[in-house]
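Text of work37.txt, listed as compact mmCIF, C-alpha atoms:
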```txt
# COMPACT_ATOMS: atom_id res chain seq x y z
CA ASP U 1 0.00 0.00 0.00
CA GLY U 2 1.19 3.52 -0.74
CA GLY U 3 1.77 5.80 2.17
CA ILE U 4 4.06 7.87 4.30
CA THR U 5 5.83 6.28 7.28
CA GLN U 6 7.46 7.97 10.23
CA SER U 7 9.66 6.21 12.73
CA PRO U 8 10.02 5.82 15.57
CA LYS U 9 6.61 6.60 17.06
CA TYR U 10 8.18 7.62 20.38
CA LEU U 11 11.70 8.94 20.89
CA PHE U 12 13.53 10.00 24.01
CA ARG U 13 16.56 12.24 23.91
CA LYS U 14 19.01 13.28 26.55
CA GLU U 15 19.91 16.94 26.66
CA GLY U 16 22.86 17.71 24.41
CA GLN U 17 22.24 14.84 22.02
CA ASN U 18 21.29 14.97 18.37
CA VAL U 19 18.48 12.69 17.21
CA THR U 20 17.19 11.86 13.74
CA LEU U 21 13.53 11.28 12.86
CA SER U 22 12.80 9.17 9.83
CA CYS U 23 10.21 9.92 7.13
CA GLU U 24 9.74 7.65 4.11
CA GLN U 25 7.10 7.80 1.39
CA ASN U 26 6.34 5.52 -1.53
CA LEU U 27 3.80 7.84 -3.13
CA ASN U 28 6.29 9.19 -5.67
CA HIS U 29 5.67 12.72 -4.36
CA ASP U 30 8.23 15.39 -5.10
CA ALA U 31 7.40 17.69 -2.18
CA MET U 32 7.96 16.74 1.46
CA TYR U 33 7.54 18.70 4.67
CA TRP U 34 8.32 18.62 8.38
CA TYR U 35 5.99 20.23 10.89
CA ARG U 36 6.14 20.63 14.62
CA GLN U 37 2.97 20.48 16.72
CA ASP U 38 2.68 21.86 20.25
CA PRO U 39 -0.47 21.68 22.38
CA GLY U 40 -3.04 24.35 21.53
CA GLN U 41 -1.09 25.50 18.50
CA GLY U 42 -1.36 24.76 14.85
CA LEU U 43 1.34 23.04 12.88
CA ARG U 44 4.48 25.08 12.33
CA LEU U 45 6.68 24.45 9.31
CA ILE U 46 10.28 23.47 10.05
CA TYR U 47 11.67 22.57 6.62
CA TYR U 48 10.33 21.61 3.23
CA SER U 49 11.76 20.11 0.07
CA GLN U 50 10.29 20.42 -3.39
CA ILE U 51 12.79 18.18 -5.13
CA VAL U 52 15.71 15.85 -4.42
CA ASN U 53 18.88 17.59 -3.21
CA ASP U 54 17.01 20.80 -2.46
CA PHE U 55 15.31 22.02 0.70
CA GLN U 56 14.18 25.30 2.22
CA LYS U 57 13.83 26.62 5.76
CA GLY U 58 10.37 27.05 7.14
CA ASP U 59 9.23 29.30 9.97
CA ILE U 60 11.09 27.56 12.82
CA ALA U 61 14.19 25.97 11.25
CA GLU U 62 16.66 26.97 13.96
CA GLY U 63 18.08 23.94 15.74
CA TYR U 64 16.99 21.51 13.02
CA SER U 65 18.60 20.10 9.90
CA VAL U 66 17.36 17.95 7.01
CA SER U 67 18.63 16.14 3.94
CA ARG U 68 16.93 15.00 0.75
CA GLU U 69 19.28 12.56 -0.95
CA LYS U 70 16.47 10.36 -2.22
CA LYS U 71 12.97 11.19 -3.38
CA GLU U 72 11.48 8.74 -0.90
CA SER U 73 13.27 9.97 2.21
CA PHE U 74 13.36 13.23 4.14
CA PRO U 75 14.99 12.71 7.57
CA LEU U 76 14.92 15.45 10.20
CA THR U 77 17.74 15.87 12.72
CA VAL U 78 16.96 17.66 15.96
CA THR U 79 20.26 19.09 17.12
CA SER U 80 21.42 20.09 20.57
CA ALA U 81 20.95 23.71 19.47
CA GLN U 82 17.17 23.25 19.62
CA LYS U 83 16.42 24.45 23.14
CA ASN U 84 12.87 23.16 23.45
CA PRO U 85 12.62 20.04 21.30
CA THR U 86 9.87 18.20 23.17
CA ALA U 87 6.97 18.12 20.72
CA PHE U 88 5.04 16.02 18.22
CA TYR U 89 6.67 16.00 14.79
CA LEU U 90 4.71 15.39 11.62
CA CYS U 91 6.06 14.64 8.17
CA ALA U 92 3.98 15.21 5.06
CA SER U 93 4.28 14.75 1.32
CA ARG U 94 2.31 16.49 -1.33
CA SER U 95 0.93 15.85 -4.77
CA GLY U 96 -1.07 18.58 -6.43
CA THR U 97 -3.63 19.92 -4.03
CA GLU U 98 -3.44 17.26 -1.33
CA ALA U 99 -0.93 16.77 1.46
CA PHE U 100 -0.65 13.37 3.13
CA PHE U 101 0.67 13.03 6.66
CA GLY U 102 2.55 10.37 8.52
CA GLN U 103 1.47 9.18 11.96
CA GLY U 104 3.95 11.39 13.78
CA THR U 105 6.88 11.00 16.14
CA ARG U 106 6.60 12.17 19.72
CA LEU U 107 9.99 13.40 20.92
CA THR U 108 10.64 13.87 24.61
CA VAL U 109 13.79 15.28 26.18
CA VAL U 110 14.73 13.53 29.41
CA GLY L 1 0.21 38.44 6.83
CA GLU L 2 -0.99 34.88 6.99
CA ASP L 3 -3.06 33.80 9.97
CA VAL L 4 -5.75 31.18 10.45
CA GLU L 5 -7.99 31.31 13.50
CA GLN L 6 -10.34 28.77 15.03
CA SER L 7 -12.09 28.39 18.33
CA LEU L 8 -10.27 25.79 20.42
CA PHE L 9 -13.18 23.74 21.77
CA LEU L 10 -16.64 22.56 20.71
CA SER L 11 -18.99 20.13 22.45
CA VAL L 12 -22.07 18.62 20.86
CA ARG L 13 -24.50 15.83 21.67
CA GLU L 14 -24.42 12.65 19.64
CA GLY L 15 -26.83 12.93 16.71
CA ASP L 16 -26.70 16.73 16.58
CA SER L 17 -24.90 18.72 13.89
CA SER L 18 -21.47 20.20 14.57
CA VAL L 19 -20.29 23.41 12.98
CA ILE L 20 -16.61 24.26 13.18
CA ASN L 21 -15.62 27.74 12.06
CA CYS L 22 -12.40 29.17 10.72
CA THR L 23 -11.25 32.58 9.58
CA TYR L 24 -8.23 33.31 7.45
CA THR L 25 -6.56 36.50 6.36
CA ASP L 26 -4.91 35.87 2.99
CA SER L 27 -7.34 36.47 0.15
CA SER L 28 -4.94 34.88 -2.34
CA SER L 29 -5.47 31.41 -0.85
CA THR L 30 -6.05 28.91 -3.63
CA TYR L 31 -7.36 25.98 -1.60
CA LEU L 32 -8.76 25.66 1.89
CA TYR L 33 -8.69 22.40 3.78
CA TRP L 34 -10.13 20.55 6.71
CA TYR L 35 -7.99 17.92 8.40
CA LYS L 36 -8.93 15.58 11.26
CA GLN L 37 -6.47 14.43 13.91
CA GLU L 38 -7.27 11.61 16.30
CA PRO L 39 -5.23 11.24 19.53
CA GLY L 40 -1.57 10.43 18.92
CA ALA L 41 -2.03 10.21 15.16
CA GLY L 42 -1.20 12.17 12.04
CA LEU L 43 -3.59 14.38 10.12
CA GLN L 44 -6.21 12.90 7.86
CA LEU L 45 -7.51 14.99 5.00
CA LEU L 46 -11.29 15.26 5.28
CA THR L 47 -12.09 17.60 2.44
CA TYR L 48 -10.94 20.69 0.65
CA ILE L 49 -12.52 23.46 -1.36
CA PHE L 50 -11.21 25.55 -4.20
CA SER L 51 -11.38 29.26 -3.57
CA ASN L 52 -13.82 29.92 -6.41
CA MET L 53 -16.43 27.62 -4.85
CA ASP L 54 -18.79 28.55 -2.05
CA MET L 55 -20.00 25.12 -0.99
CA LYS L 56 -18.94 21.51 -1.15
CA GLN L 57 -20.83 18.53 0.21
CA ASP L 58 -19.46 15.05 0.82
CA GLN L 59 -21.77 12.66 2.67
CA ARG L 60 -22.09 14.00 6.23
CA LEU L 61 -19.67 16.85 5.62
CA THR L 62 -20.60 20.26 4.24
CA VAL L 63 -18.02 22.97 3.68
CA LEU L 64 -19.12 26.57 3.28
CA LEU L 65 -16.76 29.28 2.08
CA ASN L 66 -17.50 32.99 2.36
CA LYS L 67 -14.62 34.52 0.49
CA LYS L 68 -15.74 38.08 1.14
CA ASP L 69 -15.57 37.54 4.91
CA LYS L 70 -12.67 35.06 4.65
CA HIS L 71 -14.73 32.56 6.62
CA LEU L 72 -14.73 28.80 6.23
CA SER L 73 -16.94 26.36 8.08
CA LEU L 74 -17.25 22.60 8.36
CA ARG L 75 -20.62 21.12 9.23
CA ILE L 76 -20.80 17.50 10.36
CA ALA L 77 -24.33 16.12 10.23
CA ASP L 78 -25.49 13.44 12.69
CA THR L 79 -22.30 13.72 14.75
CA GLN L 80 -21.06 10.42 16.18
CA THR L 81 -18.68 9.61 19.02
CA GLY L 82 -16.12 8.58 16.40
CA ASP L 83 -16.07 12.17 15.20
CA SER L 84 -14.40 13.27 18.45
CA ALA L 85 -11.02 14.62 17.35
CA ILE L 86 -9.15 17.83 16.62
CA TYR L 87 -10.12 19.52 13.38
CA PHE L 88 -7.63 21.77 11.61
CA CYS L 89 -8.44 24.39 9.06
CA ALA L 90 -5.62 25.15 6.63
CA GLU L 91 -4.97 27.36 3.66
CA SER L 92 -2.55 26.72 0.84
CA MET L 93 -1.20 29.18 -1.62
CA GLY L 94 0.72 28.41 -4.78
CA ASN L 95 1.52 25.11 -6.41
CA TYR L 96 4.22 23.97 -4.03
CA GLY L 97 2.35 24.36 -0.78
CA GLN L 98 5.20 25.97 1.08
CA ASN L 99 2.63 28.38 2.44
CA PHE L 100 0.40 25.74 3.97
CA VAL L 101 -0.83 27.61 7.05
CA PHE L 102 -2.75 25.76 9.75
CA GLY L 103 -5.10 27.04 12.40
CA PRO L 104 -4.64 25.97 16.04
CA GLY L 105 -7.27 23.24 15.73
CA THR L 106 -10.73 22.83 17.25
CA ARG L 107 -11.16 19.98 19.69
CA LEU L 108 -14.59 18.44 19.08
CA SER L 109 -16.08 16.47 21.95
CA VAL L 110 -19.17 14.40 21.23
CA LEU L 111 -21.29 13.70 24.30
CA PRO L 112 -23.53 10.63 24.49
```
Show me the file's structure as structure tokens.
Amino acid sequence: DGGITQSPKYLFRKEGQNVTLSCEQNLNHDAMYWYRQDPGQGLRLIYYSQIVNDFQKGDIAEGYSVSREKKESFPLTVTSAQKNPTAFYLCASRSGTEAFFGQGTRLTVV
Amino acid sequence: GEDVEQSLFLSVREGDSSVINCTYTDSSSTYLYWYKQEPGAGLQLLTYIFSNMDMKQDQRLTVLLNKKDKHLSLRIADTQTGDSAIYFCAESMGNYGQNFVFGPGTRLSVLP
């Protein structure tokens, strides 16, 4: 079945560590996105990529990094520079008018 | 600027209709969307409407768009307990969607 898969579902990070969240899609979509969700707030755009080997900063890119070496994959690294990383992270891919979301990764700093 | 606003909470009785409202500020929005999020899950696209339409109906869902007032609503007929979730309004501008802007979400609680 076609879809977009995020892993892991839950992730725990110690302060000062970098962690990488995985996002894979087999929908053959060119555009992919990372959003952060905090309680009571809408989704905020971290990074997006319209094509392989190209990506752009969103509204809250500081403390995050991405790569887009393959069309299917758009991993997000949360670096130690991100001071408040505990949140729910959502990956999406887009074709035409519709965006499809993964099931999310909940990151907690311990 | 771009901003999407929604009320944060709505409670309805099972079997009643629910109406979730949204206002947006950018008149150049091409498409407007409603997404549903169940606890601990990603967002599921419910429906969307092109900006030159004023109404779209899909089974129990009716979307109304008042472009003059920049107001979008989602009506759910015969609301069921399975409809309890957070509903996000979103606007998208341009072909690449980099300006997908989401509202804060409305938490719908369906009471038995």
*Hey, can you check how far atom CA of L:Asp16 sits from atom CA of L:Trp34?*
19.7 Å
_Option closest in space to U:Thr79, from U:Tyr47, U:Gly63, U:Arg94, U:Thr108 [counting all atoms listed in the file]_ =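 Closest candidate: U:Gly63.
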*Return the neighbours of chain L among the residues of chain U, cut-off 6 Å, counting only C-alpha atoms, as a list in words.*
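Close enough to count are Gly40, Gln41, Gly42, Leu43, Phe101, Gly102, Gln103 and Gly104 of chain U.
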_One decimal, in Å: what's the spacing between atom CA of L:Leu64 and atom CA of L:Tyr87?_
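Going from atom CA of L:Leu64 over to atom CA of L:Tyr87, I get 15.3 Å.
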*Identify, on the basis of only C-alpha atoms, every residue whose closest approach to L:Thr79 does not exceed 6 Å; exclude the query and any residue fewer than 5 positions from it along the same chain; express the result as an NGL selection string.*
:L and (14-17)
*Interatomic distance between atom CA of U:Leu21 and atom CA of U:Tyr89?*
8.5 Å
*For U:Phe74, please output as JSON, numbers by chain all residues within 9 Å (counting only C-alpha atoms; exclusion window: fewer than 5 positions along the same chain).*
{"U": [21, 22, 23, 24, 25, 32, 33, 34, 48, 49, 66, 67, 68, 69, 91]}
Kindly provide, as JSON, the centre and edge lengths (Å, one decimal) of an axis-aligned box around all atoms of stretch 56-68 of chain L given in the file, with 3 Å on each side.
```
{"center_x": -18.4, "center_y": 25.4, "center_z": 2.5, "size_x": 13.5, "size_y": 31.4, "size_z": 13.4}
```
*asked:* My list of candidates is U:Phe55, U:Phe100, U:Tyr10, U:Tyr64. Which is closest to U:Phe88 when distances are computed with all atoms listed in the file?
replied: U:Tyr10
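Among the candidates U:Thr105, U:Thr97, U:Gln17, U:Asn28, the residue lying nearest to L:Glu91 is U:Thr97 (atoms considered: all atoms listed in the file).
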*Looking at all atoms listed in the file, which of L:Phe9, L:Asp3, L:Ser18, L:Ser51 is the one that sits closest to L:Ser73?*
L:Ser18
Tell me which protein, DNA and RNA residues are within 10 Å of stretch 83-86 of chain U, counting all atoms listed in the file, leaving out same-chain ones fewer than 4 positions away, and put them as a PDB file with C-alpha atoms, in the frame of the given file.
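Final output, selection-v2.pdb:
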```
ATOM      1  CA  LEU U  11      11.700   8.940  20.890  1.00  0.00           C
ATOM      2  CA  PHE U  12      13.530  10.000  24.010  1.00  0.00           C
ATOM      3  CA  ARG U  13      16.560  12.240  23.910  1.00  0.00           C
ATOM      4  CA  GLU U  15      19.910  16.940  26.660  1.00  0.00           C
ATOM      5  CA  GLY U  16      22.860  17.710  24.410  1.00  0.00           C
ATOM      6  CA  ARG U  36       6.140  20.630  14.620  1.00  0.00           C
ATOM      7  CA  GLN U  37       2.970  20.480  16.720  1.00  0.00           C
ATOM      8  CA  ASP U  38       2.680  21.860  20.250  1.00  0.00           C
ATOM      9  CA  GLU U  62      16.660  26.970  13.960  1.00  0.00           C
ATOM     10  CA  GLY U  63      18.080  23.940  15.740  1.00  0.00           C
ATOM     11  CA  TYR U  64      16.990  21.510  13.020  1.00  0.00           C
ATOM     12  CA  VAL U  78      16.960  17.660  15.960  1.00  0.00           C
ATOM     13  CA  THR U  79      20.260  19.090  17.120  1.00  0.00           C
ATOM     14  CA  ARG U 106       6.600  12.170  19.720  1.00  0.00           C
ATOM     15  CA  LEU U 107       9.990  13.400  20.920  1.00  0.00           C
ATOM     16  CA  THR U 108      10.640  13.870  24.610  1.00  0.00           C
ATOM     17  CA  VAL U 109      13.790  15.280  26.180  1.00  0.00           C
ATOM     18  CA  VAL U 110      14.730  13.530  29.410  1.00  0.00           C
TER      19      VAL U 110
END
```
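Between L:Ser11 and the candidates L:Leu65, L:Leu74, L:Ala85, L:Val110, the tightest atom-to-atom separation, counting only C-alpha atoms, involves L:Val110.
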*Distance criterion (only C-alpha atoms): nearest to L:Leu10 out of L:Asp78, L:Asn52, L:Ser84, L:Pro112*: L:Ser84
_Which residues are close to L:Lys70, i.e. within 8 Å by all atoms listed in the file, leaving aside same-chain residues fewer than 5 positions away? Reply as a PyMOL selection string._
chain L and resi 23-27+65
